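Working notes for the structure below.
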Amino acid sequence: MGPESGISIPSPPRNPSSLSWVNLSRNLILAYQSLGVVYGDLSTSPLYVYSSTFIGNLQDHQNEDAIFGAFSLIFWTLTLIPLLKYVFIMLGADDSGEGGTFALYSLLCRHAKFSLLPNQQAADEELSAYKYGPSMQVATGSPLKRFLEKHKTLRTALLVVVLFGASMVIGDGVLTPAISVLSSVSGLQVTEKKLASGEIVVLACVILVGLFALQHFGTRRVAFMFAPIVIIWLVSIFSIGLYNIIFWNPKIVRAISPYYIIKFFRETGKDGWFSLGGILLSVTGTEAMFADLGHFTALSIRLAFAFVVYPCLVVQYMGQAAFLSRNPQKVLNSFYDSIPGLACITVMFITTFLMALVVTFVWQKSVLLAAMFLVFFWFSEGVYLSSALMKVPQGGWVPLVLSVIFMLVMYIWHYGTRKKYNFDLHNKVSLKWLLGLGPSLGIVRVPGIGLIYSELATGVPAIFSHFVTNLPAFHKVLVFVCVKSVPVPYVSPEERFLIGRVCPRPYRMYRCIVRYGYKDIQRDDGDFEEQLIQSIAEFIQMEAGDAQFCSSESSSYDGRLAVISSRTIQSSSSLIVTEREDCDGIESIQSSKSLMLQSLRSAYPDDENPGVRRRHVRFEVAASPGMDTGVREELMDLIEAKEAGVAYIMGHSYVKARRSSSYLKKLVIDMGYSFLRKNCRGPSVALNIPHINLIEVGMIYYV
């Protein structure tokens with residue numbers, strides 16, 4: 001836009017080839033970075049796969065046919081699971097760029113009513129990140145969808161499956177780094193005979209501590225640091241594998257044929273089935289391709305695996321098989337003998353199930369196609385899972401126990417939170433009762449703004465009745481604030497605030513819903529009060545210009561919400577905002593009209609360093625001759641209340657099971673959930689609420 005003429009000057013059209021080149025360059029850089037983060041486990045798996053396969057029941061089958069069959073199994077396992085399932089299918093089911101178990105569950109909750117927490121709103125579906133794939137109205141008549149939505153038990157079972165899958169990822173993350181590092185370091189024993197096993201373990205522990213110490217530098221720096229190391233490793237194992245193929249046994253190329261798998265099981269029988277736990281280690285870390293998708297792009301991960309990791313691993317496994325076919329006795333010299341990597345295949349099994357639901361409800365394909373996908377990959381993975389389960393007594397119980405513990409913690413937290421929310425939902429204050437009290441609410445309304453925090457997205461929480469019945473005075477402006485999570489990865493700042501009115505205009509009671517995605521960090525950047533005031537002011541002006549909102553005869557005030565974006569505020573704000581800074585905060589204390597707040601702020605400074613410069617914002621109503629008198633009056637009340645001071649009101653709740661509850665429920669609520677609440681950060685800390693302005697009211701929830 002020209003600064004003086006006001007004529008719009010169209011920008012020159014961009015060259016499509018330059019855009020495609022920029023996009024390709026970006027994905028190539030991300031593919032390079034992904035090698036240092038995503039593929040560490042997959043790349044080091046050749047260190048222990050063959051030794052794990054041929055130790056134990058296959059010691060009597062260390063011959064060329066068995067080794068060829070083992071390689072054929074490894075080749076087709078790498079081809080079907082990482083390449084076909086994850087690279088070509090799973091990476092297409094991202095949730096706005098995010099991957100993993102929770103991302104799939106989030107997609108399902110957006111396209112079907114699978115969530116157990118009843119805090120969804122129609123306005124959430126208008127989020128830009130909410131829309132995914134085809135129109136959501138197409139599959140509303142699916143019988144399978146209606147069946148799952150109708151039965152709460154099935155929805156609970158789905159949540160448990162998701163939590164168990166996420167817990168298995170954590171359990172796998174506890175063991176896999178130790179296995180990879182220990183197996184890598186053990187190679188020193190081949191060249192340095194003097195190194196004892198204890199020294200190897202100590203060295204591995206030192207390396208692990210160093211690796212985890214580097215995590216705080218962030219994914220980008222760690223990726224650039226380790227990508228060259230992984231590339232050198234992959235090139236090395238590729239070269240060694242190629243040499244072994246040429247020098248020892250070029251006939252190993254024939255083992256790509258699935259015929260050798262049939263031959264393998266014909267010769268080894270039940271012993272071969274038991275050995276599949278070792279073959280399974282060849283795909284350890286595959287889930288990271290989907291779980292770490294949020295750090296990269298689907299194309300970059302596909303490029304890295306299809307053109308670098310996959311061919312290097314295939315050639316290396318082929319070369320090892322060529323060497324072992326001529327030197328079968330050398331298989332015992334490999335480091336690791338019997339790792340049962342169980343958590344990995346369980347996560348894949350669960351991911352396949354969730355992906356089948358995504359194919360039906362999100363991609364809106366036929367149930368038959370989803371069933372074919374489920375049966376094909378469940379059969380492939382089920383064979384490995386059944387073999388891995390046989391090794392639970394040998395060590396596979398460790399990830400299982402860890403996963404069950406993590407799953408119980410997450411489910412108890414979700415269960416207690418859901419019970420508490422349902423209590424608030426069924427015991428919320430009647431709007432008729434509030435309207436019967438009149439605009440004064442039967443008490444003295446003093447200057448100031450009261451921000452009442454509640455988990456309810458609609459209605460007035462029961463804790464509010466405690467204030468009205470027990471306190472002689474309350475703030476002139478009340479805002480019910482609900483901080484809630486929506487099933488999307490991120491919510492843009494422009495769509496974060498939903499503003500509405502709880503009661504008619506004279507009551508000066510509003511609702512603000514602050515929405516976050518499951519990947520957003522819930523924090524107050526210090527300007528929440530200013531954003532809230534501007535958003536409410538914009539809502540007041542917007543409401544005055546909307547005939548539907550202006551109808552004072554309507555009783556359905558609660559539930560009518562509007563998205564107030566920062567762009568709208570900046571372009572059409574009815575308030576004039578001025579900022580200033582001071583060093584000691586004395587001026588801000590004296591500006592408060594509340595004598596009690598002045599004395600408290602003077603006695604208890606809100607900052608340990610009084611010399612720190614503070615930012616203060618003042619509001620004024622813009623001079624607009626056409627502004628409605630009622631709107632101007634309401635804006636003036638809002639500004640005066642802000643100048644008087646803001647108080648944050650939260651419930652200090654205690655959740656207890658009813659006396660008639662079962663012993664199990666009492667154990668879960670009174671001990672498990674209470675323990676978790678006491679050992680987690682409180683809402684005031686998580687939301688960065690200043691302690692000097694915080695009012696907490698105790699309340700017992702009998703659920």
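Residues in the structure tokens are named by chain (A, B, ... in the order shown) and by number from 1 within that chain; ligands are numbered from 1 in the order shown.
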Report as a Markdown table: every residue of segment 478-524 of chain A with an atom at most 12 Å from segment 272-294 of chain A, its closest pair of atoms, and their distance in Å to one decimal, counting only C-alpha atoms, with rows sorted by chain and ascending residue number.
| residue | atom | partner | partner_atom | distance |
| --- | --- | --- | --- | --- |
| A:Pro489 | CA | A:Gly294 | CA | 9.4 |
| A:Tyr490 | CA | A:Gly294 | CA | 11.3 |
| A:Lys519 | CA | A:Gly294 | CA | 9.7 |
Please dump the current selection as a tab-separated table (two decimals), in the first residue's frame; keep N, CA, C and O atoms.
chain	number	residue	atom	x	y	z
A	489	PRO	N	-3.00	-29.46	18.35
A	489	PRO	CA	-1.65	-29.25	18.88
A	489	PRO	C	-1.42	-27.84	19.40
A	489	PRO	O	-0.89	-27.65	20.49
A	490	TYR	N	-1.81	-26.85	18.60
A	490	TYR	CA	-1.56	-25.46	18.97
A	490	TYR	C	-2.79	-24.62	18.67
A	490	TYR	O	-3.53	-24.90	17.73
A	519	LYS	N	0.01	-29.14	22.85
A	519	LYS	CA	1.44	-28.86	22.75
A	519	LYS	C	1.79	-27.44	23.18
A	519	LYS	O	2.96	-27.08	23.27
Practice item. List every residue of segment 125-373 of chain A that DSSP, applied to the backbone, labels as alpha helix (DSSP H), and write the result as a PyMOL selection string. Key: chain A and resi 143-150+152-185+188-191+197-213+219-247+259-268+270-274+276-280+287-291+298-304+310-326+343-361+367-373
Review point. Can you tell me, as a ChimeraX atom specification, what residues are no more than 8 Å from segment 429-436 of chain A when counting only C-alpha atoms, ignoring any on the same chain fewer than 5 positions away?
Key: /A:441,459-462,464-465,503
Study note, to complete from the structure: The residue from A:Leu664, A:Ile345, A:Val491, A:Leu208 with the smallest atom-to-atom distance to Pro82 of chain A, counting only C-alpha atoms, is A:Ile345
Exercise for review: Fewer than 5 positions away in the same chain doesn't count, so skip those; otherwise give me all residues within 12 Å of Val202 of chain A, counting only C-alpha atoms, as a ChimeraX atom specification.
Suggested key: /A:178,181-182,185-186,195-197,207-209
Proximity check segment 369-454 of chain A to segment 625-646 of chain A, 7 Å, nearest pairs one decimal Å, only C-alpha atoms, as CSV:
residue,atom,partner,partner_atom,distance
A:Pro447,CA,A:Ala641,CA,5.3
A:Gly448,CA,A:Ala641,CA,4.0
A:Ile449,CA,A:Val646,CA,4.8
A:Gly450,CA,A:Val646,CA,6.0
